[in-house]
Structure formats: structure tokens, C-alpha cells
>>> print(open('input.cif').read())   # mmCIF, C-alpha atoms and all ligand atoms
data_data
loop_
_atom_site.label_atom_id
_atom_site.label_comp_id
_atom_site.auth_asym_id
_atom_site.auth_seq_id
_atom_site.Cartn_x
_atom_site.Cartn_y
_atom_site.Cartn_z
CA LEU I 21 -13.52 -49.03 -18.27
CA LEU I 22 -16.58 -48.20 -20.40
CA GLY I 23 -19.58 -47.79 -18.08
CA PHE I 24 -19.62 -47.00 -14.39
CA GLY I 25 -22.94 -48.59 -13.41
CA THR I 26 -23.72 -51.71 -11.37
CA VAL I 27 -21.05 -53.92 -12.93
CA GLY I 28 -18.58 -51.17 -13.91
CA SER I 29 -18.31 -49.67 -10.42
CA SER I 30 -17.72 -53.18 -8.98
CA VAL I 31 -15.02 -53.86 -11.58
CA ALA I 32 -13.39 -50.54 -10.62
CA GLU I 33 -13.53 -51.47 -6.92
CA ILE I 34 -11.72 -54.75 -7.55
CA LEU I 35 -9.13 -53.07 -9.79
CA CYS I 36 -8.54 -50.33 -7.19
CA SER I 37 -8.16 -52.85 -4.36
CA ASN I 38 -4.52 -53.52 -5.32
CA HIS I 39 -5.11 -57.27 -5.33
CA PHE I 40 -3.93 -57.48 -8.92
CA PRO I 41 -0.83 -55.29 -9.36
CA ASN I 42 -0.50 -56.28 -13.03
CA LEU I 43 -3.88 -54.68 -13.78
CA GLN I 44 -4.05 -50.91 -13.58
CA LEU I 45 -7.23 -48.90 -14.09
CA VAL I 46 -6.31 -45.88 -16.19
CA CYS I 47 -9.54 -44.43 -17.56
CA ILE I 48 -13.28 -44.46 -16.83
CA PHE I 49 -15.78 -43.49 -19.51
CA ASN I 50 -19.45 -42.68 -18.85
CA ARG I 51 -21.96 -40.09 -20.00
CA ASN I 52 -22.44 -37.14 -17.58
CA VAL I 53 -19.37 -38.41 -15.83
CA ALA I 54 -19.26 -35.74 -13.09
CA ARG I 55 -22.07 -37.45 -11.12
CA LYS I 56 -20.18 -40.77 -11.22
CA ARG I 57 -16.90 -39.67 -9.60
CA GLN I 58 -15.91 -41.55 -6.44
CA LEU I 59 -13.30 -40.55 -3.89
CA TRP I 60 -11.98 -44.11 -3.62
CA VAL I 61 -10.87 -44.07 -7.27
CA PRO I 62 -7.16 -43.04 -7.33
CA ALA I 63 -6.48 -39.50 -8.51
CA GLY I 64 -4.40 -40.78 -11.46
CA VAL I 65 -7.44 -42.40 -13.12
CA ARG I 66 -8.86 -40.23 -15.90
CA TRP I 67 -12.67 -39.72 -15.98
CA THR I 68 -14.07 -38.91 -19.40
CA GLU I 69 -17.24 -38.71 -21.44
CA ASP I 70 -15.31 -38.63 -24.74
CA ILE I 71 -14.96 -42.10 -26.26
CA HIS I 72 -12.11 -40.86 -28.49
CA GLU I 73 -10.07 -40.17 -25.38
CA VAL I 74 -10.34 -43.89 -24.53
CA ILE I 75 -9.41 -44.90 -28.06
CA ALA I 76 -6.37 -42.61 -27.97
CA SER I 77 -5.31 -43.78 -24.47
CA ASP I 78 -2.49 -46.28 -23.92
CA ALA I 79 -4.83 -48.81 -22.25
CA ASP I 80 -4.14 -52.35 -23.43
CA ILE I 81 -7.59 -53.71 -22.59
CA VAL I 82 -11.03 -52.10 -22.64
CA VAL I 83 -13.83 -53.41 -20.41
CA GLU I 84 -17.27 -52.81 -21.94
CA VAL I 85 -20.03 -52.74 -19.34
CA LEU I 86 -22.29 -50.13 -20.91
CA GLY I 87 -24.86 -52.59 -22.26
CA GLY I 88 -26.98 -52.21 -25.40
CA LEU I 89 -26.13 -52.85 -29.03
CA GLU I 90 -25.58 -49.39 -30.45
CA PRO I 91 -23.31 -47.51 -30.23
CA THR I 92 -21.61 -50.18 -28.11
CA ALA I 93 -20.81 -52.58 -30.99
CA ASP I 94 -19.28 -49.76 -33.06
CA TRP I 95 -17.19 -48.66 -30.09
CA ILE I 96 -15.90 -52.19 -29.49
CA GLU I 97 -14.96 -52.37 -33.15
CA LEU I 98 -13.05 -49.08 -32.83
CA MET I 99 -11.24 -50.36 -29.73
CA LEU I 100 -10.17 -53.58 -31.48
CA ARG I 101 -9.00 -51.66 -34.53
CA ALA I 102 -7.02 -49.38 -32.19
CA GLY I 103 -5.13 -52.47 -30.96
CA LYS I 104 -6.92 -52.99 -27.66
CA SER I 105 -8.30 -56.28 -26.40
CA VAL I 106 -11.89 -56.17 -25.14
CA VAL I 107 -13.67 -57.80 -22.20
CA THR I 108 -17.46 -57.51 -22.16
CA ALA I 109 -20.41 -58.71 -20.07
CA ASN I 110 -22.90 -57.88 -22.84
CA LYS I 111 -24.86 -61.00 -23.87
CA HIS I 112 -27.06 -59.23 -26.44
CA LEU I 113 -23.99 -57.92 -28.18
CA ILE I 114 -22.11 -61.24 -28.12
CA ALA I 115 -25.17 -63.27 -29.17
CA THR I 116 -25.87 -61.03 -32.16
CA ARG I 117 -22.48 -59.53 -33.17
CA GLY I 118 -20.00 -61.78 -31.34
CA ARG I 119 -19.00 -63.83 -34.35
CA GLU I 120 -17.93 -60.84 -36.47
CA LEU I 121 -16.23 -59.09 -33.51
CA ALA I 122 -14.31 -62.28 -32.61
CA LYS I 123 -13.09 -62.49 -36.22
CA LEU I 124 -12.00 -58.85 -36.11
CA ALA I 125 -10.18 -59.43 -32.80
CA GLN I 126 -8.37 -62.38 -34.33
CA ALA I 127 -7.43 -60.39 -37.43
CA GLU I 128 -6.06 -57.62 -35.20
CA GLY I 129 -4.16 -60.08 -33.00
CA ARG I 130 -6.25 -59.01 -29.98
CA ARG I 131 -8.61 -60.83 -27.63
CA LEU I 132 -12.36 -60.57 -27.12
CA GLU I 133 -13.48 -62.25 -23.89
CA TYR I 134 -17.06 -62.45 -22.59
CA GLY I 135 -17.05 -64.85 -19.63
CA ALA I 136 -19.43 -62.59 -17.68
CA SER I 137 -22.09 -62.58 -20.39
CA VAL I 138 -23.68 -65.89 -19.31
CA ALA I 139 -24.53 -66.68 -15.68
CA GLY I 140 -22.60 -63.67 -14.29
CA GLY I 141 -20.41 -64.94 -11.49
CA VAL I 142 -20.77 -68.64 -12.38
CA PRO I 143 -17.93 -69.36 -14.81
CA VAL I 144 -20.00 -71.59 -17.09
CA LEU I 145 -18.49 -70.48 -20.40
CA ASN I 146 -14.95 -71.24 -19.30
CA ALA I 147 -16.12 -74.45 -17.68
CA VAL I 148 -17.89 -75.61 -20.83
CA SER I 149 -15.12 -74.53 -23.22
CA ALA I 150 -12.03 -75.44 -21.17
CA GLY I 151 -12.99 -77.64 -18.20
CA LEU I 152 -15.22 -79.84 -20.37
CA ALA I 153 -13.17 -79.53 -23.57
CA GLY I 154 -12.64 -83.31 -23.52
CA GLU I 155 -16.35 -84.03 -23.32
CA ALA I 156 -18.77 -84.68 -26.17
CA LEU I 157 -21.60 -82.50 -24.91
CA LEU I 158 -25.10 -83.71 -25.63
CA ARG I 159 -27.30 -81.35 -23.65
CA LEU I 160 -27.25 -78.06 -21.75
CA GLN I 161 -30.13 -77.24 -19.42
CA GLY I 162 -30.51 -74.59 -16.79
CA VAL I 163 -31.88 -71.42 -15.31
CA LEU I 164 -30.05 -68.53 -16.96
CA ASN I 165 -32.16 -65.52 -16.01
CA GLY I 166 -32.01 -64.34 -12.41
CA THR I 167 -35.00 -61.99 -12.74
CA CYS I 168 -37.39 -64.76 -13.81
CA ASN I 169 -35.99 -67.04 -11.17
CA TYR I 170 -36.46 -64.41 -8.48
CA ILE I 171 -40.10 -63.90 -9.53
CA LEU I 172 -40.94 -67.60 -9.87
CA SER I 173 -39.17 -68.81 -6.74
CA ASN I 174 -40.85 -66.05 -4.71
CA MET I 175 -44.29 -66.91 -6.12
CA ASP I 176 -43.51 -70.49 -5.12
CA ALA I 177 -42.35 -69.67 -1.58
CA SER I 178 -44.98 -67.08 -0.66
CA GLY I 179 -47.97 -67.77 -2.91
CA MET I 180 -47.86 -64.16 -4.14
CA PRO I 181 -49.29 -63.32 -7.59
CA PHE I 182 -47.03 -62.61 -10.57
CA ASP I 183 -47.52 -58.80 -10.56
CA LYS I 184 -46.60 -58.52 -6.89
CA ALA I 185 -43.52 -60.74 -7.29
CA LEU I 186 -42.39 -58.64 -10.27
CA ALA I 187 -42.93 -55.37 -8.34
CA ARG I 188 -40.91 -56.78 -5.44
CA ALA I 189 -38.09 -57.85 -7.78
CA GLN I 190 -38.05 -54.31 -9.21
CA GLU I 191 -37.97 -52.71 -5.72
CA LEU I 192 -34.98 -54.86 -4.77
CA GLY I 193 -33.11 -54.18 -8.03
CA PHE I 194 -33.50 -57.76 -9.33
CA ALA I 195 -35.69 -56.59 -12.25
CA GLU I 196 -35.34 -53.57 -14.49
CA ALA I 197 -38.04 -50.88 -14.84
CA ASP I 198 -38.79 -52.47 -18.25
CA PRO I 199 -38.48 -56.21 -17.53
CA SER I 200 -39.70 -57.35 -20.99
CA ASP I 201 -36.43 -58.92 -22.17
CA ASP I 202 -36.20 -60.96 -18.98
CA ILE I 203 -39.79 -62.14 -18.53
CA HIS I 204 -40.37 -62.94 -22.21
CA GLY I 205 -37.19 -65.06 -22.41
CA ILE I 206 -35.21 -62.77 -24.75
CA ASP I 207 -32.29 -62.36 -22.34
CA ALA I 208 -32.09 -66.12 -21.64
CA ARG I 209 -32.16 -67.07 -25.32
CA CYS I 210 -29.18 -64.76 -26.01
CA LYS I 211 -27.31 -66.63 -23.25
CA LEU I 212 -28.42 -70.00 -24.62
CA ALA I 213 -27.20 -69.01 -28.10
CA ILE I 214 -23.77 -68.12 -26.64
CA LEU I 215 -23.70 -71.39 -24.66
CA ALA I 216 -24.67 -73.44 -27.72
CA HIS I 217 -21.82 -71.82 -29.64
CA THR I 218 -19.33 -72.43 -26.84
CA GLY I 219 -20.52 -75.94 -25.96
CA PHE I 220 -21.50 -77.37 -29.34
CA GLY I 221 -19.52 -75.15 -31.74
CA LEU I 222 -22.78 -74.25 -33.50
CA HIS I 223 -23.56 -70.72 -34.57
CA VAL I 224 -27.14 -69.83 -33.67
CA GLU I 225 -28.98 -66.52 -34.00
CA PRO I 226 -30.97 -65.85 -30.80
CA GLU I 227 -34.14 -65.40 -32.89
CA GLN I 228 -33.84 -69.03 -34.05
CA ILE I 229 -34.58 -70.12 -30.48
CA GLU I 230 -38.24 -70.08 -29.42
CA ALA I 231 -38.77 -68.05 -26.25
CA ARG I 232 -41.96 -68.22 -24.19
CA SER I 233 -43.01 -65.74 -21.55
CA ILE I 234 -43.53 -66.41 -17.84
CA VAL I 235 -46.48 -63.98 -17.90
CA GLY I 236 -49.75 -65.84 -17.24
CA ILE I 237 -48.37 -68.16 -14.57
CA ALA I 238 -50.58 -67.91 -11.48
CA ALA I 239 -50.20 -68.89 -7.83
CA GLU I 240 -52.56 -71.85 -8.43
CA ASP I 241 -50.16 -73.27 -11.04
CA PHE I 242 -47.59 -73.59 -8.26
CA GLN I 243 -50.20 -75.41 -6.11
CA GLN I 244 -50.82 -77.82 -8.98
CA ALA I 245 -47.06 -78.27 -9.48
CA ARG I 246 -46.60 -79.05 -5.78
CA LYS I 247 -49.23 -81.83 -5.98
CA ARG I 248 -46.98 -83.46 -8.58
CA GLY I 249 -43.74 -82.98 -6.58
CA ARG I 250 -42.78 -80.17 -8.95
CA THR I 251 -42.26 -76.44 -9.13
CA ILE I 252 -42.09 -73.92 -11.99
CA ARG I 253 -38.92 -72.40 -13.43
CA GLN I 254 -37.91 -70.64 -16.64
CA VAL I 255 -35.84 -73.38 -18.28
CA SER I 256 -33.31 -72.86 -21.07
CA MET I 257 -32.39 -76.05 -22.86
CA ALA I 258 -30.38 -77.03 -25.89
CA GLU I 259 -29.45 -80.44 -27.20
CA ARG I 260 -27.49 -81.68 -30.16
CA THR I 261 -29.43 -83.41 -32.88
CA ALA I 262 -28.18 -85.27 -35.93
CA GLY I 263 -28.89 -82.21 -38.08
CA GLY I 264 -27.97 -79.42 -35.66
CA LEU I 265 -29.63 -78.22 -32.51
CA ARG I 266 -32.90 -78.37 -30.63
CA ALA I 267 -33.30 -75.39 -28.28
CA VAL I 268 -35.97 -73.52 -26.38
CA VAL I 269 -36.46 -71.10 -23.47
CA GLN I 270 -39.76 -71.55 -21.67
CA PRO I 271 -41.38 -71.81 -18.26
CA ALA I 272 -41.83 -75.44 -17.27
CA MET I 273 -42.87 -77.69 -14.40
CA VAL I 274 -39.65 -79.28 -13.17
CA ARG I 275 -39.05 -81.76 -10.36
CA ALA I 276 -38.84 -79.84 -7.07
CA ASN I 277 -35.81 -81.87 -5.96
CA SER I 278 -33.84 -81.41 -9.22
CA SER I 279 -30.91 -78.97 -9.59
CA VAL I 280 -33.14 -76.69 -11.69
CA GLY I 281 -36.06 -76.98 -9.25
CA GLN I 282 -33.91 -76.11 -6.26
CA VAL I 283 -32.42 -72.90 -7.62
CA ARG I 284 -33.71 -69.92 -5.58
CA ASP I 285 -33.95 -66.15 -5.89
CA ASN I 286 -31.68 -64.61 -8.53
CA GLN I 287 -29.37 -67.61 -8.70
CA ASN I 288 -28.47 -69.43 -11.92
CA VAL I 289 -27.77 -73.07 -12.61
CA LEU I 290 -26.46 -74.98 -15.61
CA VAL I 291 -26.54 -78.76 -15.92
CA THR I 292 -24.41 -80.16 -18.73
CA THR I 293 -24.86 -83.71 -19.99
CA GLY I 294 -21.92 -85.32 -21.76
CA HIS I 295 -21.42 -88.60 -23.56
CA TRP I 296 -18.44 -89.64 -21.40
CA GLY I 297 -18.89 -87.97 -18.04
CA GLY I 298 -22.67 -87.70 -17.65
CA GLU I 299 -24.12 -84.77 -15.73
CA THR I 300 -22.16 -81.85 -14.27
CA THR I 301 -23.86 -79.00 -12.42
CA PHE I 302 -22.70 -75.39 -12.04
CA ALA I 303 -24.65 -73.06 -9.74
CA GLY I 304 -24.29 -69.70 -8.05
CA ARG I 305 -24.96 -66.00 -8.33
CA GLY I 306 -25.78 -65.33 -11.94
CA ALA I 307 -26.07 -61.56 -11.62
CA GLY I 308 -25.21 -58.58 -9.44
CA GLY I 309 -22.28 -56.19 -9.49
CA GLY I 310 -19.84 -58.22 -7.37
CA PRO I 311 -20.22 -61.68 -8.99
CA THR I 312 -20.31 -60.27 -12.53
CA ALA I 313 -17.26 -58.09 -11.86
CA VAL I 314 -15.33 -61.15 -10.69
CA ALA I 315 -15.99 -62.79 -14.06
CA VAL I 316 -14.86 -59.61 -15.86
CA VAL I 317 -11.65 -59.34 -13.82
CA SER I 318 -10.95 -63.06 -14.38
CA ASP I 319 -11.08 -62.41 -18.14
CA LEU I 320 -8.76 -59.41 -17.69
CA LEU I 321 -6.30 -61.60 -15.81
CA ALA I 322 -6.46 -64.31 -18.47
CA ILE I 323 -5.52 -61.72 -21.10
CA ALA I 324 -2.81 -60.19 -18.91
CA ARG I 325 -1.32 -63.63 -18.25
CA HIS I 326 -1.60 -64.59 -21.94
CA GLN I 327 -3.70 -67.48 -20.75
CA ALA I 328 -5.78 -69.11 -23.45
CA LEU I 329 -9.43 -69.59 -22.54
CA GLY I 330 -11.31 -72.36 -24.25
CA GLY I 331 -13.11 -70.46 -27.00
CA ALA I 332 -15.77 -72.18 -29.09
CA ARG I 333 -15.23 -75.78 -30.21
CA ALA I 334 -15.87 -75.12 -33.90
CA ASP I 335 -18.02 -72.66 -35.72
CA SER I 336 -20.68 -73.90 -38.09
CA ALA I 337 -24.14 -72.48 -38.67
CA ALA I 338 -26.89 -74.63 -37.19
CA GLU I 339 -30.43 -75.54 -38.07
CA VAL I 340 -32.45 -74.99 -34.89
CA GLN I 341 -35.56 -76.97 -34.07
CA CYS I 342 -37.74 -76.34 -31.06
CA ASP I 343 -39.77 -79.56 -31.21
CA PHE I 344 -39.13 -81.05 -27.77
CA HIS I 345 -41.86 -83.55 -26.84
CA PHE I 346 -43.13 -83.40 -23.26
CA HIS I 347 -46.25 -84.10 -21.25
CA HIS I 348 -48.08 -80.82 -20.69
CA TYR I 349 -49.99 -79.34 -17.83
CA LEU I 350 -52.87 -77.15 -18.97
CA ARG I 351 -54.96 -74.87 -16.76
CA ALA I 352 -57.84 -73.21 -18.55
CA GLU I 353 -60.53 -70.98 -17.10
CA VAL I 354 -63.76 -71.79 -18.95
CA ALA I 355 -66.75 -69.51 -19.43
CA ASP I 356 -69.46 -72.21 -19.19
CA ALA I 357 -70.17 -75.92 -19.77
CA LYS I 358 -70.26 -75.42 -23.56
CA ASP I 359 -66.87 -73.71 -23.53
CA SER I 360 -65.48 -76.53 -21.39
CA ALA I 361 -66.79 -79.25 -23.73
CA LEU I 362 -65.43 -77.36 -26.74
CA LEU I 363 -62.00 -77.21 -25.09
CA GLU I 364 -61.88 -81.01 -24.80
CA VAL I 365 -63.16 -81.61 -28.31
CA THR I 366 -60.62 -79.14 -29.76
CA LEU I 367 -57.71 -80.75 -27.92
CA ARG I 368 -58.75 -84.26 -29.03
CA GLU I 369 -59.28 -83.12 -32.61
CA ALA I 370 -55.72 -81.74 -32.57
CA GLY I 371 -54.55 -85.25 -31.71
CA LEU I 372 -53.70 -84.43 -28.09
CA ASP I 373 -54.11 -87.18 -25.54
CA ILE I 374 -55.97 -86.04 -22.39
CA GLN I 375 -54.52 -88.26 -19.64
CA GLU I 376 -56.02 -86.53 -16.58
CA SER I 377 -58.80 -84.01 -16.21
CA LYS I 378 -60.11 -82.12 -13.18
CA THR I 379 -62.76 -79.45 -12.95
CA SER I 380 -63.08 -77.06 -10.02
CA ARG I 381 -65.55 -74.28 -9.36
CA LYS I 382 -65.13 -71.33 -7.06
CA ARG I 383 -66.35 -67.77 -6.71
CA LYS I 384 -63.95 -65.14 -8.02
CA LYS I 385 -64.85 -61.45 -7.66
CA GLY I 386 -68.50 -62.34 -6.91
CA LYS I 387 -68.85 -64.57 -10.03
CA SER I 388 -68.65 -68.32 -10.23
CA ALA I 389 -65.53 -69.42 -12.12
CA THR I 390 -64.75 -72.84 -13.55
CA THR I 391 -61.20 -74.06 -13.99
CA ARG I 392 -60.13 -77.11 -15.98
CA VAL I 393 -56.79 -78.69 -15.13
CA LEU I 394 -55.62 -81.25 -17.69
CA LEU I 395 -52.57 -83.41 -18.13
CA LEU I 396 -51.80 -83.99 -21.81
CA GLY I 397 -49.68 -86.78 -23.30
CA PRO I 398 -46.38 -86.06 -25.05
CA SER I 399 -46.44 -83.37 -27.74
CA THR I 400 -44.71 -80.12 -28.56
CA THR I 401 -45.76 -76.99 -26.68
CA ALA I 402 -46.46 -75.33 -30.04
CA LYS I 403 -49.06 -78.03 -30.83
CA VAL I 404 -50.88 -77.38 -27.53
CA GLU I 405 -50.79 -73.63 -28.17
CA GLU I 406 -52.13 -74.14 -31.69
CA ALA I 407 -55.04 -76.21 -30.35
CA LEU I 408 -55.82 -73.53 -27.77
CA SER I 409 -55.94 -70.86 -30.43
CA ALA I 410 -58.38 -73.07 -32.39
CA TRP I 411 -60.48 -73.32 -29.19
CA GLY I 412 -60.88 -69.56 -29.65
CA SER I 413 -61.80 -68.75 -26.07
CA GLN I 414 -60.17 -65.63 -24.65
CA CYS I 415 -60.35 -67.08 -21.11
CA PRO I 416 -57.05 -67.20 -19.17
CA ARG I 417 -54.97 -70.34 -19.58
CA CYS I 418 -51.50 -71.57 -18.74
CA VAL I 419 -49.55 -74.27 -20.60
CA LEU I 420 -46.42 -75.78 -19.07
CA PRO I 421 -44.35 -78.75 -20.24
CA LEU I 422 -43.30 -81.25 -17.57
CA ILE I 423 -39.52 -81.44 -17.87
CA ASP I 424 -37.25 -83.91 -16.06
N1 LIG I 501 -26.09 -56.14 -13.59
C1 LIG I 501 -25.83 -57.44 -13.68
O1 LIG I 501 -26.05 -58.19 -12.74
C2 LIG I 501 -25.23 -58.01 -14.94
C3 LIG I 501 -24.90 -59.37 -14.99
C4 LIG I 501 -24.34 -59.91 -16.14
C5 LIG I 501 -24.13 -59.09 -17.23
N2 LIG I 501 -24.49 -57.76 -17.17
C6 LIG I 501 -24.25 -56.94 -18.34
O2 LIG I 501 -23.31 -55.91 -18.01
C7 LIG I 501 -23.60 -54.73 -18.75
C8 LIG I 501 -23.76 -53.57 -17.78
O3 LIG I 501 -24.83 -53.85 -16.89
P1 LIG I 501 -25.10 -52.94 -15.61
O4 LIG I 501 -26.12 -53.68 -14.80
O5 LIG I 501 -23.84 -52.54 -14.97
O6 LIG I 501 -25.79 -51.67 -16.29
P2 LIG I 501 -25.94 -50.21 -15.66
O7 LIG I 501 -25.97 -50.27 -14.17
O8 LIG I 501 -27.08 -49.58 -16.36
O9 LIG I 501 -24.57 -49.50 -16.07
C9 LIG I 501 -24.30 -49.07 -17.38
C10 LIG I 501 -23.45 -47.80 -17.27
O10 LIG I 501 -23.07 -47.41 -18.57
C11 LIG I 501 -23.46 -46.07 -18.80
N3 LIG I 501 -23.86 -45.96 -20.20
C12 LIG I 501 -24.77 -46.72 -20.85
N4 LIG I 501 -24.85 -46.36 -22.14
C13 LIG I 501 -23.97 -45.35 -22.31
C14 LIG I 501 -23.60 -44.56 -23.43
N5 LIG I 501 -24.17 -44.74 -24.64
N6 LIG I 501 -22.67 -43.61 -23.26
C15 LIG I 501 -22.08 -43.41 -22.05
N7 LIG I 501 -22.39 -44.13 -20.94
C16 LIG I 501 -23.32 -45.08 -21.08
C17 LIG I 501 -24.64 -45.84 -17.87
O11 LIG I 501 -24.76 -44.46 -17.59
P3 LIG I 501 -26.11 -43.87 -16.90
O12 LIG I 501 -25.88 -43.99 -15.43
O13 LIG I 501 -26.17 -42.49 -17.40
O14 LIG I 501 -27.24 -44.71 -17.42
C18 LIG I 501 -24.22 -46.63 -16.64
O15 LIG I 501 -23.38 -45.91 -15.79
C19 LIG I 501 -24.83 -55.06 -19.59
O16 LIG I 501 -24.42 -55.50 -20.87
C20 LIG I 501 -25.47 -56.19 -18.83
O17 LIG I 501 -26.26 -57.04 -19.66
C21 LIG I 501 -25.03 -57.22 -16.05
#
>>> encode(input="input.cif", output="C-alpha cells", more="lines below")
Ligand SMILES: NC(=O)c1ccc[n+]([C@@H]2O[C@H](COP(=O)([O-])OP(=O)(O)OC[C@H]3O[C@@H](n4cnc5c(N)ncnc54)[C@H](OP(=O)(O)O)[C@@H]3O)[C@@H](O)[C@H]2O)c1
Amino acid sequence: LLGFGTVGSSVAEILCSNHFPNLQLVCIFNRNVARKRQLWVPAGVRWTEDIHEVIASDADIVVEVLGGLEPTADWIELMLRAGKSVVTANKHLIATRGRELAKLAQAEGRRLEYGASVAGGVPVLNAVSAGLAGEALLRLQGVLNGTCNYILSNMDASGMPFDKALARAQELGFAEADPSDDIHGIDARCKLAILAHTGFGLHVEPEQIEARSIVGIAAEDFQQARKRGRTIRQVSMAERTAGGLRAVVQPAMVRANSSVGQVRDNQNVLVTTGHWGGETTFAGRGAGGGPTAVAVVSDLLAIARHQALGGARADSAAEVQCDFHFHHYLRAEVADAKDSALLEVTLREAGLDIQESKTSRKRKKGKSATTRVLLLGPSTTAKVEEALSAWGSQCPRCVLPLID
């Protein structure tokens, strides 16, 4: 077991519970290992901070729950070359190096399983690859990042501002000290790249998928969403196109009564749309030690039982477009009447159709503030963003597509 942190200690607990007699924990690796020792771990388990001791051990399978890309990827390579199968929960690693490591595992006659890397305890990868193997998948849409969902669903429920919701998520362990990868969509796009590979058989680099941040969403955007029967979630979506894939991760206004709109706290949801069977929804605890460890142990059992998991459908490189067309909600704070008029002119000149427009004035911090709320006709989010940069104003704004 490489890594004795949140997930690793939960994996160890399950393995030491004697529920699975064909799985035996033999070795735990971590830096500064002395502070990690637990009395409930059987005395026969070796604790080490020397990776070469793990490589030289007689373990058949190595669980990697260290996180990070380096030196983790090199260590996984060493393990595979030493004849050990590998189970990992590391989405960054699988999204960026998974293809080459899977090839190496195959060449070595070993297995590389990563069921825990997307949606933690919700077995979406196995469901998409095995349970839906007979389906022609058209679309995958969901909430894949528990941190963003915790922040957004709490802003929705309590009206608290973004910074406070983030601080609360950090206090409760739902957000890391540096939450950048989560809030800017980097984590979710790694998961979407893995899902696209598993579901569509298309190889996608995470950087090919546009990711937009949830920073800038304010409590009043939730009020506006509610007026439209909607709420705001970070949505990951990918759909097959004739030439490849269309995919994006971005905050969006979604219907409050939809599967995506109803997902709360740090939960995840994935809705698959197939040609034959229509929509199927998977939901549950996408993160946390216990749920993620269950996914890891399930992969261990599959290897121990020589049970084939679905794997990817095929493996071809994909062109990725991000040009989804949606109506957009736009909230823009304007400095004065001139700024407001310029906003409208700039949007119209960019070819955007202003379908609704409301102006409100209130006093903020002793100054009068004017807010424009607009509903724009179908376009790409990039086109709206481009028009706003031509507007030139540095005033706060928020752009959200309306997704069904
Ligand atoms: N937590 C979740 O809910 C969740 C869900 C799905 C997937 N995952 C994935 O699971 C993996 C582990 O996550 P986690 O939350 O368990 O992380 P974590 O709590 O930070 O645990 C990582 C453990 O590995 C040790 N470690 C890290 N780098 C090391 C190195 N270079 N050498 C030796 N030891 C090292 C850490 O030691 P220190 O204590 O010294 O830092 C820590 O004990 C990540 O890939 C993550 O993306 C996590």
C-alpha cells in the first residue's frame, strides 16, 4: 500500500477487517512512516519509507494512493516492471500517463485498474465500460468534483458568499489548502478525459478540454437562477461528434429539479445518454476515505478473482471541440450609464442576441452600484467571453450557460 493518508488508511482498515481473506496487506509505504503507525494494523505488516523494499517484496498487487505525478508515475512503472499489478485512485496520473502505463501493464501481463479515479465511491467507470458495454453512448454529463459541489450547493442553500463557502469546505476537509485544481475545473477535466476514454474509446489529453472556474459566482447569481427554476453547478459534459468529441467543464445554470441540479454537498452524479437505452443516472459519494477505499478494494478483488473489468472500448486519438451552443445568463456590474450602453452595443456588435435585460441599482459599501442582468440567445461561452473582453470594463461579471 503506497500512501497512508485519507484513502490509504481507509483501504488498510478494510483489508485488515478480515472481510476478504484472499487479500492480505503485507507492506505499507509512506514518508516519515513512524508517525503513521497504527495499533490496529497487524504486527506482520511491514512499514517502510524505502520504495525499493516494496519493489523487492512478494506483494502481487500495489495500491497507489500517494497522489501527484512525480515520482508516482515512475514508481508505478517500476512496480509493473517488477511483475506487480497496480490499483490507483490517481486521476491526474491516469488522465496524463494512463495510456502508456496501461500498455506497459499489458506488455508485462499485469493489470492496471483505476476505478476509484473518477467519482470515488460511485462505480461509474465500471458501469460505463462493463454495465453499459452494449450501449452506443452519445453523451456523458455530470458533477465530478465534490469540492465545487460542496461550495456551490452551500452557497445555494445558505446564501453565503463564495469565499465563506470555500473556507467552510476547507475547515470540514472537503477542500484542500490549495483548492486551485478543484475550483478552476482542472480536477474535473482529468476525470472527464478518463470517462471519455472509457465511454467513447477516444484518447483525450485533459488540456484539450476547456475548463472554466467557479470563482466569480456570487450569491445573487443563485437568486437569479432560482427565479428561472434553476441552480448553479460545475458541470462536466462530453458528447460524441461526427469528427470526435465535444467536451467542457464549466459552471452552469441547470434545472433545479434535474439529477445534476439536485446533487448536494460533496456528492457526484453522472448521467449517461445512450442511443438504445436513453438516460441512466449514477449518484453517490464521489470522495472521502471510505467510499474511495471501497472502489480501490473492489479493483483489488477483481484482480484477485481474475475478473475482467470493462476497459476502454477502443483507443483512438480524438479532436476535441468545446463549441456547445447554449443560452447564457450574464450579470455585469456597470460603472455608469455610458459603460452600460457600451456593454449592450459590444454584445450586439459581436452578434449576440439580447433576449432579456434588467437593470437594478442598490447601494454597496456606501456607493451606488448598477447591475445589468441579461439573457443572451444561443452561442458559445467563448463568444460571450470574447465580447466581454472587447467591452473592456474591469467591472465584475458572471457568465453562465443555461444547460438542460
Ligand atoms: N481523498 C479523496 O476523497 C479521494 C477521492 C478519489 C481519489 N483520490 C485520490 O487518491 C489519492 C490519495 O488521496 P488522499 O486524499 O488519500 O491523499 P492524502 O491524504 O494526502 O494521502 C497521501 C499519502 O501519501 C503520502 N505521500 C505522498 N507523497 C509521497 C511521497 N512522495 N513519498 C512518500 N509518501 C508520500 C502522504 O504522506 P504525508 O502525510 O507526509 O503527506 C500521505 O500519507 C490521490 O491521487 C487522490 O487524487 C482521493
>>> residues_near_ligand(input="input.cif", ligand="ligand LIG 501 (chain I)", cutoff="8 Å", atoms="only C-alpha atoms and all ligand atoms", output="VMD selection string")
chain I and resid 22 to 29 49 to 52 56 69 84 to 88 90 to 92 108 to 113 136 to 141 306 to 309 311 to 312
>>> atom_distance(input="input.cif", atom1="CA of Gly264 (chain I)", atom2="CA of Ala147 (chain I)")
22.1 Å
>>> atom_distance(input="input.cif", atom1="CA of Lys184 (chain I)", atom2="CA of Arg381 (chain I)")
24.8 Å
>>> axis_aligned_box(input="input.cif", around="region 252-262 of chain I", padding_each_side="4 Å", output="AutoDock Vina command-line options")
--center_x -34.8 --center_y -78.0 --center_z -24.0 --size_x 22.6 --size_y 22.6 --size_z 31.9
>>> residues_around(input="input.cif", residues="Glu128 (chain I)", least_positions_apart="5", cutoff="10 Å", atoms="only C-alpha atoms", output="list in words")
Leu100, Arg101, Ala102, Gly103, Lys104, Ser105, Ala122 and Lys123 of chain I
>>> atom_distance(input="input.cif", atom1="CA of Pro41 (chain I)", atom2="CA of Met99 (chain I)")
23.4 Å
>>> closest_residue(input="input.cif", among="I:Ile48, I:Val163, I:Asp78, I:Ala370", to="Val65 (chain I)", atoms="only C-alpha atoms")
I:Ile48
>>> residues_around(input="input.cif", residues="region 193-201 of chain I", least_positions_apart="5", cutoff="8 Å", atoms="all atoms listed in the file", output="PyMOL selection string")
chain I and resi 166-167+170+186+206-207+286
>>> closest_residue(input="input.cif", among="I:Gln126, I:Gln58, I:Asn169, I:Gln327", to="Asn288 (chain I)", atoms="only C-alpha atoms")
I:Asn169
>>> residues_around(input="input.cif", residues="Gly397 (chain I)", least_positions_apart="2", cutoff="9 Å", atoms="all atoms listed in the file", output="ChimeraX atom specification")
/I:346-348,372-375,395,399
>>> closest_residue(input="input.cif", among="I:Gly304, I:Gly151, I:Pro398, I:Gly179", to="Leu290 (chain I)", atoms="all atoms listed in the file")
I:Gly304
>>> closest_residue(input="input.cif", among="I:Thr68, I:Thr261, I:Ser233, I:Ser360", to="Thr390 (chain I)", atoms="only C-alpha atoms")
I:Ser360
>>> closest_residue(input="input.cif", among="I:Ala189, I:Ala361, I:Leu98, I:Ala208", to="Ile229 (chain I)", atoms="only C-alpha atoms")
I:Ala208
